[in-house]
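K.L.:
Input structure: entry02.cif, which contains mmCIF, C-alpha atoms and all ligand atoms.
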```
data_input
#
loop_
_atom_site.group_PDB
_atom_site.id
_atom_site.type_symbol
_atom_site.label_atom_id
_atom_site.label_comp_id
_atom_site.auth_asym_id
_atom_site.auth_seq_id
_atom_site.Cartn_x
_atom_site.Cartn_y
_atom_site.Cartn_z
ATOM 1 C CA MET A 727 92.018 96.977 78.316
ATOM 2 C CA VAL A 728 94.818 98.306 76.184
ATOM 3 C CA LYS A 729 92.680 101.330 75.477
ATOM 4 C CA THR A 730 92.067 101.921 79.208
ATOM 5 C CA THR A 731 95.794 101.770 80.014
ATOM 6 C CA ALA A 732 96.510 104.197 77.236
ATOM 7 C CA ASN A 733 93.787 106.498 78.553
ATOM 8 C CA THR A 734 95.125 106.304 82.100
ATOM 9 C CA LYS A 735 98.618 107.100 80.846
ATOM 10 C CA HIS A 736 97.224 109.966 78.826
ATOM 11 C CA VAL A 737 95.337 111.362 81.846
ATOM 12 C CA LYS A 738 98.457 110.951 84.008
ATOM 13 C CA SER A 739 100.675 112.783 81.565
ATOM 14 C CA GLN A 740 98.074 115.519 81.181
ATOM 15 C CA THR A 741 97.914 115.931 84.962
ATOM 16 C CA LEU A 742 101.709 116.072 85.115
ATOM 17 C CA LEU A 743 101.760 118.665 82.344
ATOM 18 C CA LYS A 744 99.168 120.778 84.182
ATOM 19 C CA ALA A 745 101.079 120.523 87.448
ATOM 20 C CA THR A 746 104.300 121.521 85.700
ATOM 21 C CA LEU A 747 102.616 124.489 84.046
ATOM 22 C CA ILE A 748 101.089 125.644 87.327
ATOM 23 C CA ALA A 749 104.397 125.230 89.157
ATOM 24 C CA SER A 750 106.361 127.158 86.532
ATOM 25 C CA GLY A 751 103.619 129.779 86.486
ATOM 26 C CA ILE A 752 103.932 130.228 90.240
ATOM 27 C CA ILE A 753 107.740 130.384 90.046
ATOM 28 C CA GLY A 754 107.522 132.881 87.167
ATOM 29 C CA LEU A 755 105.028 135.044 89.013
ATOM 30 C CA ALA A 756 107.114 134.994 92.185
ATOM 31 C CA GLY A 757 110.147 135.981 90.134
ATOM 32 C CA MET A 758 108.273 138.823 88.494
ATOM 33 C CA ILE A 759 107.043 140.101 91.870
ATOM 34 C CA LEU A 760 110.574 139.924 93.271
ATOM 35 C CA VAL A 761 112.096 141.783 90.304
ATOM 36 C CA GLY A 762 109.193 144.228 90.308
ATOM 37 C CA ARG A 763 109.648 144.951 93.997
ATOM 38 C CA THR A 764 113.357 145.463 93.660
ATOM 39 C CA TYR A 765 113.439 147.459 90.460
ATOM 40 C CA LEU A 766 109.995 148.766 89.672
ATOM 41 C CA GLY A 767 108.025 148.925 92.876
ATOM 42 C CA GLY A 768 108.265 151.251 95.836
ATOM 43 C CA ARG A 769 109.767 154.532 94.759
ATOM 44 C CA ASN A 770 108.978 154.096 91.049
ATOM 45 C CA LYS A 771 105.289 154.021 91.896
ATOM 46 C CA MET A 772 105.617 157.175 94.010
ATOM 47 C CA VAL A 773 107.617 158.973 91.306
ATOM 48 C CA PHE A 774 105.068 158.142 88.602
ATOM 49 C CA SER A 775 102.120 159.203 90.790
ATOM 50 C CA TYR A 776 103.868 162.433 91.720
ATOM 51 C CA LEU A 777 104.849 163.276 88.131
ATOM 52 C CA ARG A 778 101.292 162.653 86.892
ATOM 53 C CA ASN A 779 99.952 165.310 89.267
ATOM 54 C CA PRO A 780 102.500 166.977 91.560
ATOM 55 C CA SER A 781 99.887 169.302 93.087
ATOM 56 C CA LEU A 782 98.289 166.275 94.791
ATOM 57 C CA TYR A 783 101.483 165.608 96.773
ATOM 58 C CA PRO A 784 102.772 168.895 98.204
ATOM 59 C CA GLU A 785 103.968 167.007 101.309
ATOM 60 C CA TYR A 786 106.421 165.052 99.114
ATOM 61 C CA GLN A 787 108.482 168.175 98.404
ATOM 62 C CA THR A 788 111.574 169.568 100.058
ATOM 63 C CA GLU A 789 112.190 173.307 99.646
ATOM 64 C CA ALA A 790 115.223 174.712 97.852
ATOM 65 C CA LEU A 791 117.714 176.509 100.126
ATOM 66 C CA SER A 792 116.367 174.764 103.238
ATOM 67 C CA ARG A 793 118.814 173.285 105.700
ATOM 68 C CA CYS A 794 118.040 170.257 107.848
ATOM 69 C CA GLY A 795 119.290 170.832 111.385
ATOM 70 C CA ASP A 796 122.979 171.730 111.339
ATOM 71 C CA ALA A 797 123.756 169.838 108.110
ATOM 72 C CA PRO A 798 126.451 171.531 106.001
ATOM 73 C CA PHE A 799 124.593 171.602 102.668
ATOM 74 C CA LEU A 800 121.613 173.699 101.573
ATOM 75 C CA PHE A 801 119.016 171.735 99.632
ATOM 76 C CA PRO A 802 119.715 172.640 95.961
ATOM 77 C CA SER A 803 116.265 172.598 94.325
ATOM 78 C CA THR A 804 112.599 172.321 95.285
ATOM 79 C CA GLY A 805 110.984 168.977 94.583
ATOM 80 C CA PHE A 806 110.323 165.377 95.498
ATOM 81 C CA ILE A 807 113.450 163.293 96.072
ATOM 82 C CA GLY A 808 112.205 160.415 93.954
ATOM 83 C CA TYR A 809 115.389 158.342 93.802
ATOM 84 C CA LEU A 810 118.063 157.977 96.424
ATOM 85 C CA TRP A 811 121.740 157.142 96.589
ATOM 86 C CA ASP A 812 122.349 153.435 95.858
ATOM 87 C CA ASP A 813 118.825 152.983 94.451
ATOM 88 C CA SER A 814 118.419 150.268 91.823
ATOM 89 C CA PHE A 815 115.757 151.416 89.412
ATOM 90 C CA LYS A 816 117.363 149.749 86.433
ATOM 91 C CA LEU A 817 118.751 146.233 86.340
ATOM 92 C CA PHE A 818 122.459 146.079 87.216
ATOM 93 C CA SER A 819 122.770 149.790 87.898
ATOM 94 C CA ARG A 820 123.200 151.558 91.209
ATOM 95 C CA HIS A 821 122.250 155.198 91.499
ATOM 96 C CA GLN A 822 125.190 157.417 92.457
ATOM 97 C CA GLY A 823 123.176 160.406 93.643
ATOM 98 C CA ILE A 824 119.725 161.736 94.381
ATOM 99 C CA ASP A 825 117.074 162.790 91.864
ATOM 100 C CA ILE A 826 114.950 165.807 92.792
ATOM 101 C CA PHE A 827 111.783 166.098 90.699
ATOM 102 C CA GLY A 828 110.491 169.673 90.601
ATOM 103 C CA GLY A 829 107.077 168.720 89.228
ATOM 104 C CA THR A 830 107.206 171.598 86.728
ATOM 105 C CA ALA A 831 107.952 171.923 83.024
ATOM 106 C CA ALA A 832 111.626 171.990 82.024
ATOM 107 C CA GLY A 833 113.401 175.298 82.628
ATOM 108 C CA LYS A 834 111.172 176.426 85.519
ATOM 109 C CA THR A 835 112.546 175.041 88.798
ATOM 110 C CA PRO A 836 115.690 176.876 89.983
ATOM 111 C CA ILE A 837 118.837 175.104 91.151
ATOM 112 C CA TYR A 838 121.223 176.642 93.693
ATOM 113 C CA ALA A 839 124.726 175.840 94.894
ATOM 114 C CA PRO A 840 124.464 173.694 98.033
ATOM 115 C CA TYR A 841 127.843 174.833 99.368
ATOM 116 C CA ASP A 842 130.693 177.257 98.689
ATOM 117 C CA GLY A 843 133.185 176.085 96.084
ATOM 118 C CA PHE A 844 134.774 176.486 92.671
ATOM 119 C CA LEU A 845 132.583 175.764 89.665
ATOM 120 C CA THR A 846 133.671 174.051 86.456
ATOM 121 C CA ARG A 847 131.623 173.507 83.326
ATOM 122 C CA GLU A 848 133.767 171.570 80.899
ATOM 123 C CA GLU A 849 133.725 172.337 77.168
ATOM 124 C CA GLY A 850 130.787 170.538 75.608
ATOM 125 C CA TRP A 851 128.775 170.206 78.835
ATOM 126 C CA ARG A 852 125.193 171.166 77.980
ATOM 127 C CA SER A 853 123.468 170.144 81.169
ATOM 128 C CA SER A 854 126.132 169.525 83.819
ATOM 129 C CA LEU A 855 128.229 171.426 86.334
ATOM 130 C CA ILE A 856 130.718 170.318 88.946
ATOM 131 C CA ILE A 857 131.745 172.282 92.030
ATOM 132 C CA ARG A 858 135.041 171.631 93.771
ATOM 133 C CA VAL A 859 134.854 171.821 97.554
ATOM 134 C CA PRO A 860 138.479 171.953 98.723
ATOM 135 C CA ASP A 861 137.696 171.100 102.322
ATOM 136 C CA ASP A 862 134.980 168.471 102.886
ATOM 137 C CA PRO A 863 132.978 169.856 105.840
ATOM 138 C CA LEU A 864 132.509 166.332 107.197
ATOM 139 C CA ASN A 865 136.024 165.124 106.492
ATOM 140 C CA PRO A 866 138.322 168.144 106.842
ATOM 141 C CA GLY A 867 141.437 168.066 104.726
ATOM 142 C CA SER A 868 139.925 166.051 101.896
ATOM 143 C CA GLN A 869 138.519 167.464 98.672
ATOM 144 C CA ILE A 870 135.108 166.528 97.230
ATOM 145 C CA TRP A 871 133.120 167.508 94.145
ATOM 146 C CA LEU A 872 129.413 168.305 93.766
ATOM 147 C CA TYR A 873 127.983 167.174 90.444
ATOM 148 C CA LEU A 874 124.690 168.544 89.110
ATOM 149 C CA THR A 875 123.073 167.476 85.851
ATOM 150 C CA HIS A 876 119.936 167.417 83.624
ATOM 151 C CA MET A 877 120.017 171.212 83.337
ATOM 152 C CA ALA A 878 118.931 171.321 79.662
ATOM 153 C CA ASP A 879 115.826 170.605 77.620
ATOM 154 C CA ALA A 880 115.290 167.377 75.682
ATOM 155 C CA ASP A 881 117.162 168.776 72.666
ATOM 156 C CA GLY A 882 120.138 169.854 74.761
ATOM 157 C CA ASN A 883 119.406 173.598 74.999
ATOM 158 C CA SER A 884 121.070 174.533 78.255
ATOM 159 C CA PHE A 885 119.287 175.906 81.331
ATOM 160 C CA ILE A 886 122.581 176.680 83.049
ATOM 161 C CA ASP A 887 122.876 180.333 84.114
ATOM 162 C CA ALA A 888 124.668 182.576 81.595
ATOM 163 C CA ALA A 889 127.307 183.279 84.262
ATOM 164 C CA PHE A 890 128.673 179.770 83.627
ATOM 165 C CA PRO A 891 129.182 179.187 79.888
ATOM 166 C CA ALA A 892 130.780 175.958 78.646
ATOM 167 C CA GLY A 893 134.490 176.217 79.279
ATOM 168 C CA THR A 894 134.127 177.813 82.733
ATOM 169 C CA TYR A 895 136.867 176.652 85.089
ATOM 170 C CA GLU A 896 137.244 177.211 88.822
ATOM 171 C CA LYS A 897 134.764 180.071 89.120
ATOM 172 C CA ARG A 898 134.046 180.832 92.777
ATOM 173 C CA VAL A 899 130.417 180.261 93.796
ATOM 174 C CA ALA A 900 128.739 180.783 97.150
ATOM 175 C CA ALA A 901 126.167 178.526 98.825
ATOM 176 C CA GLY A 902 122.713 179.582 97.646
ATOM 177 C CA GLU A 903 123.879 181.094 94.328
ATOM 178 C CA LEU A 904 121.586 180.433 91.353
ATOM 179 C CA LEU A 905 123.149 177.913 88.923
ATOM 180 C CA GLY A 906 120.336 177.158 86.485
ATOM 181 C CA PHE A 907 117.057 175.269 86.140
ATOM 182 C CA GLN A 908 115.870 171.666 86.100
ATOM 183 C CA GLY A 909 115.485 170.015 82.704
ATOM 184 C CA ASP A 910 114.724 166.707 81.017
ATOM 185 C CA TYR A 911 117.859 166.230 78.915
ATOM 186 C CA SER A 912 118.919 162.601 78.571
ATOM 187 C CA GLY A 913 121.237 162.808 75.561
ATOM 188 C CA ASN A 914 118.512 161.248 73.413
ATOM 189 C CA PRO A 915 115.904 163.865 72.315
ATOM 190 C CA ALA A 916 113.405 161.076 71.576
ATOM 191 C CA LYS A 917 113.587 159.788 75.135
ATOM 192 C CA PRO A 918 113.783 162.667 77.606
ATOM 193 C CA VAL A 919 113.827 161.927 81.338
ATOM 194 C CA GLY A 920 111.254 163.310 83.775
ATOM 195 C CA VAL A 921 112.209 166.910 84.692
ATOM 196 C CA HIS A 922 114.620 166.691 87.622
ATOM 197 C CA LEU A 923 118.003 167.550 89.079
ATOM 198 C CA HIS A 924 120.501 164.736 89.570
ATOM 199 C CA PHE A 925 122.904 165.618 92.370
ATOM 200 C CA SER A 926 125.863 163.588 93.540
ATOM 201 C CA ILE A 927 128.936 163.981 95.726
ATOM 202 C CA VAL A 928 131.989 162.733 93.861
ATOM 203 C CA ARG A 929 135.287 161.725 95.422
ATOM 204 C CA ASP A 930 138.608 163.221 94.379
ATOM 205 C CA ASN A 931 141.223 161.013 92.739
ATOM 206 C CA GLY A 932 143.860 162.299 95.164
ATOM 207 C CA THR A 933 145.599 164.491 92.623
ATOM 208 C CA GLY A 934 142.994 167.236 92.385
ATOM 209 C CA HIS A 935 140.616 165.762 89.824
ATOM 210 C CA TYR A 936 137.169 164.269 90.177
ATOM 211 C CA LEU A 937 136.611 160.541 89.718
ATOM 212 C CA ASN A 938 134.061 159.056 87.283
ATOM 213 C CA GLU A 939 130.630 159.948 88.666
ATOM 214 C CA LEU A 940 129.015 156.920 87.031
ATOM 215 C CA GLU A 941 130.587 154.500 89.526
ATOM 216 C CA LEU A 942 128.782 154.274 92.857
ATOM 217 C CA ASN A 943 132.078 153.641 94.637
ATOM 218 C CA ASN A 944 133.379 156.996 93.430
ATOM 219 C CA THR A 945 130.537 158.806 95.171
ATOM 220 C CA LEU A 946 129.591 159.473 98.781
ATOM 221 C CA ASP A 947 126.321 158.821 100.585
ATOM 222 C CA PRO A 948 124.766 162.323 100.683
ATOM 223 C CA THR A 949 122.830 161.563 103.915
ATOM 224 C CA PRO A 950 125.120 163.330 106.428
ATOM 225 C CA TYR A 951 125.619 166.313 104.111
ATOM 226 C CA PHE A 952 121.885 167.067 103.993
ATOM 227 C CA GLY A 953 121.051 165.786 107.460
ATOM 228 C CA PHE A 954 118.341 163.255 106.570
ATOM 229 C CA GLU A 955 118.196 159.708 105.185
ATOM 230 C CA LEU A 956 119.067 159.583 101.475
ATOM 231 C CA ASN A 957 120.503 156.065 101.342
ATOM 232 C CA ALA A 958 118.133 153.765 99.447
ATOM 233 C CA LYS A 959 119.219 150.735 101.453
ATOM 234 C CA LYS A 960 118.318 152.433 104.737
ATOM 235 C CA SER A 961 115.215 154.390 103.775
ATOM 236 C CA GLY A 962 111.848 152.630 103.594
ATOM 237 C CA LYS A 963 110.728 151.997 99.991
ATOM 238 C CA SER A 964 107.430 153.793 100.521
ATOM 239 C CA GLU A 965 108.816 156.471 102.806
ATOM 240 C CA VAL A 966 109.032 160.039 101.492
ATOM 241 C CA PRO A 967 112.626 161.242 102.008
ATOM 242 C CA LYS A 968 112.337 164.386 104.100
ATOM 243 C CA CYS A 969 113.981 166.287 106.913
ATOM 244 C CA ARG A 970 112.257 165.259 110.124
ATOM 245 C CA PRO A 971 113.950 167.325 112.792
HETATM 246 ZN ZN ZN B 1001 119.962 160.505 89.037
#
```
As structure tokens - that is how I would like this structure written.
P.N.:
Amino acid sequence: MVKTTANTKHVKSQTLLKATLIASGIIGLAGMILVGRTYLGGRNKMVFSYLRNPSLYPEYQTEALSRCGDAPFLFPSTGFIGYLWDDSFKLFSRHQGIDIFGGTAAGKTPIYAPYDGFLTREEGWRSSLIIRVPDDPLNPGSQIWLYLTHMADADGNSFIDAAFPAGTYEKRVAAGELLGFQGDYSGNPAKPVGVHLHFSIVRDNGTGHYLNELELNNTLDPTPYFGFELNAKKSGKSEVPKCRP
């Protein structure tokens, strides 16, 4: 009798344990799917597939120097726009620009100025340029800045055109002018990024200097400047960002 009660209790507690494990397993799995969808799914999958074999996905690419409709900016570099403005591909980070993956080795895919302006390459900048546009074509009277980066190899050897050495300030450039080539520089030679151009539109601080590009709020949604959807929150996760006139 005593034995039976003990057995029943034992069976009950085992059942409870199983149920708890199953429930927490389901909750854990749901959590993983949710996090995966938000941070790892969708565009990550497309980027990895594309980078493994870009020749399989020619329809993913947008051509350098193309213009979508009557948008003000020329597209700066040929490639697949793998990540969009306000994308969240890392926990707690929001992407301030667009990433254009050329699908080539580093140093091969050219990058051009999207718009007329005045180019600065600060001392010590290996892979970055910024172009001052005194009169925002979509907001006349206000100044914006076009930031371009990852133009160096993993070790930091620059792919920026020789016309713009470090320490270049306010050099006039025209839309369509060659600036350099896509690279995989990340700052850490052991962990290069996939070869791409990061492009963002940075707001002015009101006194003629650019704000910190790393803050999403200091940047503008590039959508109206290129004439097609580049806002991660508005574009479908499995949709290829492209001009569809
Ligand atoms: Zn980027």
K.L.:
Give as a PyMOL selection string the residues surrounding ligand ZN 1001 (chain B) up to a distance of 6 Å, considering all atoms listed in the file.
P.N.:
chain A and resi 823-825+924
K.L.:
Evaluate the PyMOL selection byres (((chain A and resi 796) around 10) and not hetatm) against this structure - the residues, as a ChimeraX atom specification, please.
P.N.:
/A:793-795,797-799,950-953
K.L.:
Selected by the PyMOL selection byres (((chain A and resi 860-875) around 9) and not hetatm) in the shown coordinates: which residues, as a ChimeraX atom specification?
P.N.:
/A:798,823,839-841,843-844,852-859,876-878,908-909,911,922-930,932,934-937,939,950-951
K.L.:
On this structure, which residues satisfy the PyMOL selection byres (((chain A and resi 768) around 6) and not hetatm), written as a PyMOL selection string?
P.N.:
chain A and resi 767+769-771+963-964
K.L.:
Counting only C-alpha atoms, what is within 7 Å of Leu956 (chain A), bar same-chain residues fewer than 2 positions away, as a list in words?
P.N.:
Leu810, Trp811, Pro948, Thr949, Phe954, Ala958, Ser961 and Pro967 of chain A
K.L.:
The centre and edge lengths of an axis-aligned box containing all atoms of region 788-799 of chain A present in the file, extended by 5 Å on each side, are to be given in Å to one decimal, as AutoDock Vina command-line options.
P.N.:
```
--center_x 119.0 --center_y 173.0 --center_z 104.6 --size_x 24.9 --size_y 16.9 --size_z 23.5
```
K.L.:
Do you have the CA of Ala888 (chain A)-CA of Phe907 (chain A) distance handy?
P.N.:
11.5 Å
K.L.:
Kindly give the distance, in Å, that separates CA of Ser819 (chain A) and CA of Glu941 (chain A), rounded to a single decimal.
P.N.:
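CA of Glu941 (chain A) lies at a distance of 9.3 Å from CA of Ser819 (chain A).
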K.L.:
Would you mind writing region 820-833 of chain A with N, CA and C atoms, as a PDB file, in the coordinates of the input?
P.N.:
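Contents of selection_32.pdb, freshly written:
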```pdb
ATOM      1  N   ARG A 820     123.401 151.004  89.877  1.00  0.00           N
ATOM      2  CA  ARG A 820     123.200 151.558  91.209  1.00  0.00           C
ATOM      3  C   ARG A 820     123.327 153.060  91.101  1.00  0.00           C
ATOM      4  N   HIS A 821     122.353 153.751  91.670  1.00  0.00           N
ATOM      5  CA  HIS A 821     122.250 155.198  91.499  1.00  0.00           C
ATOM      6  C   HIS A 821     123.260 155.919  92.381  1.00  0.00           C
ATOM      7  N   GLN A 822     124.053 156.796  91.773  1.00  0.00           N
ATOM      8  CA  GLN A 822     125.190 157.417  92.457  1.00  0.00           C
ATOM      9  C   GLN A 822     124.823 158.710  93.170  1.00  0.00           C
ATOM     10  N   GLY A 823     123.556 159.138  93.019  1.00  0.00           N
ATOM     11  CA  GLY A 823     123.176 160.406  93.643  1.00  0.00           C
ATOM     12  C   GLY A 823     121.719 160.407  94.040  1.00  0.00           C
ATOM     13  N   ILE A 824     121.159 161.621  94.130  1.00  0.00           N
ATOM     14  CA  ILE A 824     119.725 161.736  94.381  1.00  0.00           C
ATOM     15  C   ILE A 824     119.086 162.474  93.209  1.00  0.00           C
ATOM     16  N   ASP A 825     117.826 162.132  92.933  1.00  0.00           N
ATOM     17  CA  ASP A 825     117.074 162.790  91.864  1.00  0.00           C
ATOM     18  C   ASP A 825     115.952 163.601  92.495  1.00  0.00           C
ATOM     19  N   ILE A 826     115.955 164.906  92.216  1.00  0.00           N
ATOM     20  CA  ILE A 826     114.950 165.807  92.792  1.00  0.00           C
ATOM     21  C   ILE A 826     114.009 166.245  91.675  1.00  0.00           C
ATOM     22  N   PHE A 827     112.762 165.809  91.750  1.00  0.00           N
ATOM     23  CA  PHE A 827     111.783 166.098  90.699  1.00  0.00           C
ATOM     24  C   PHE A 827     110.970 167.336  91.074  1.00  0.00           C
ATOM     25  N   GLY A 828     111.142 168.402  90.293  1.00  0.00           N
ATOM     26  CA  GLY A 828     110.491 169.673  90.601  1.00  0.00           C
ATOM     27  C   GLY A 828     108.984 169.652  90.382  1.00  0.00           C
ATOM     28  N   GLY A 829     108.508 168.760  89.515  1.00  0.00           N
ATOM     29  CA  GLY A 829     107.077 168.720  89.228  1.00  0.00           C
ATOM     30  C   GLY A 829     106.610 169.859  88.329  1.00  0.00           C
ATOM     31  N   THR A 830     107.547 170.511  87.655  1.00  0.00           N
ATOM     32  CA  THR A 830     107.206 171.598  86.728  1.00  0.00           C
ATOM     33  C   THR A 830     107.678 171.209  85.325  1.00  0.00           C
ATOM     34  N   ALA A 831     107.385 172.094  84.363  1.00  0.00           N
ATOM     35  CA  ALA A 831     107.952 171.923  83.024  1.00  0.00           C
ATOM     36  C   ALA A 831     109.462 172.174  83.105  1.00  0.00           C
ATOM     37  N   ALA A 832     110.179 171.760  82.075  1.00  0.00           N
ATOM     38  CA  ALA A 832     111.626 171.990  82.024  1.00  0.00           C
ATOM     39  C   ALA A 832     111.907 173.492  81.991  1.00  0.00           C
ATOM     40  N   GLY A 833     112.986 173.897  82.668  1.00  0.00           N
ATOM     41  CA  GLY A 833     113.401 175.298  82.628  1.00  0.00           C
ATOM     42  C   GLY A 833     112.717 176.188  83.644  1.00  0.00           C
TER      43      GLY A 833
END
```
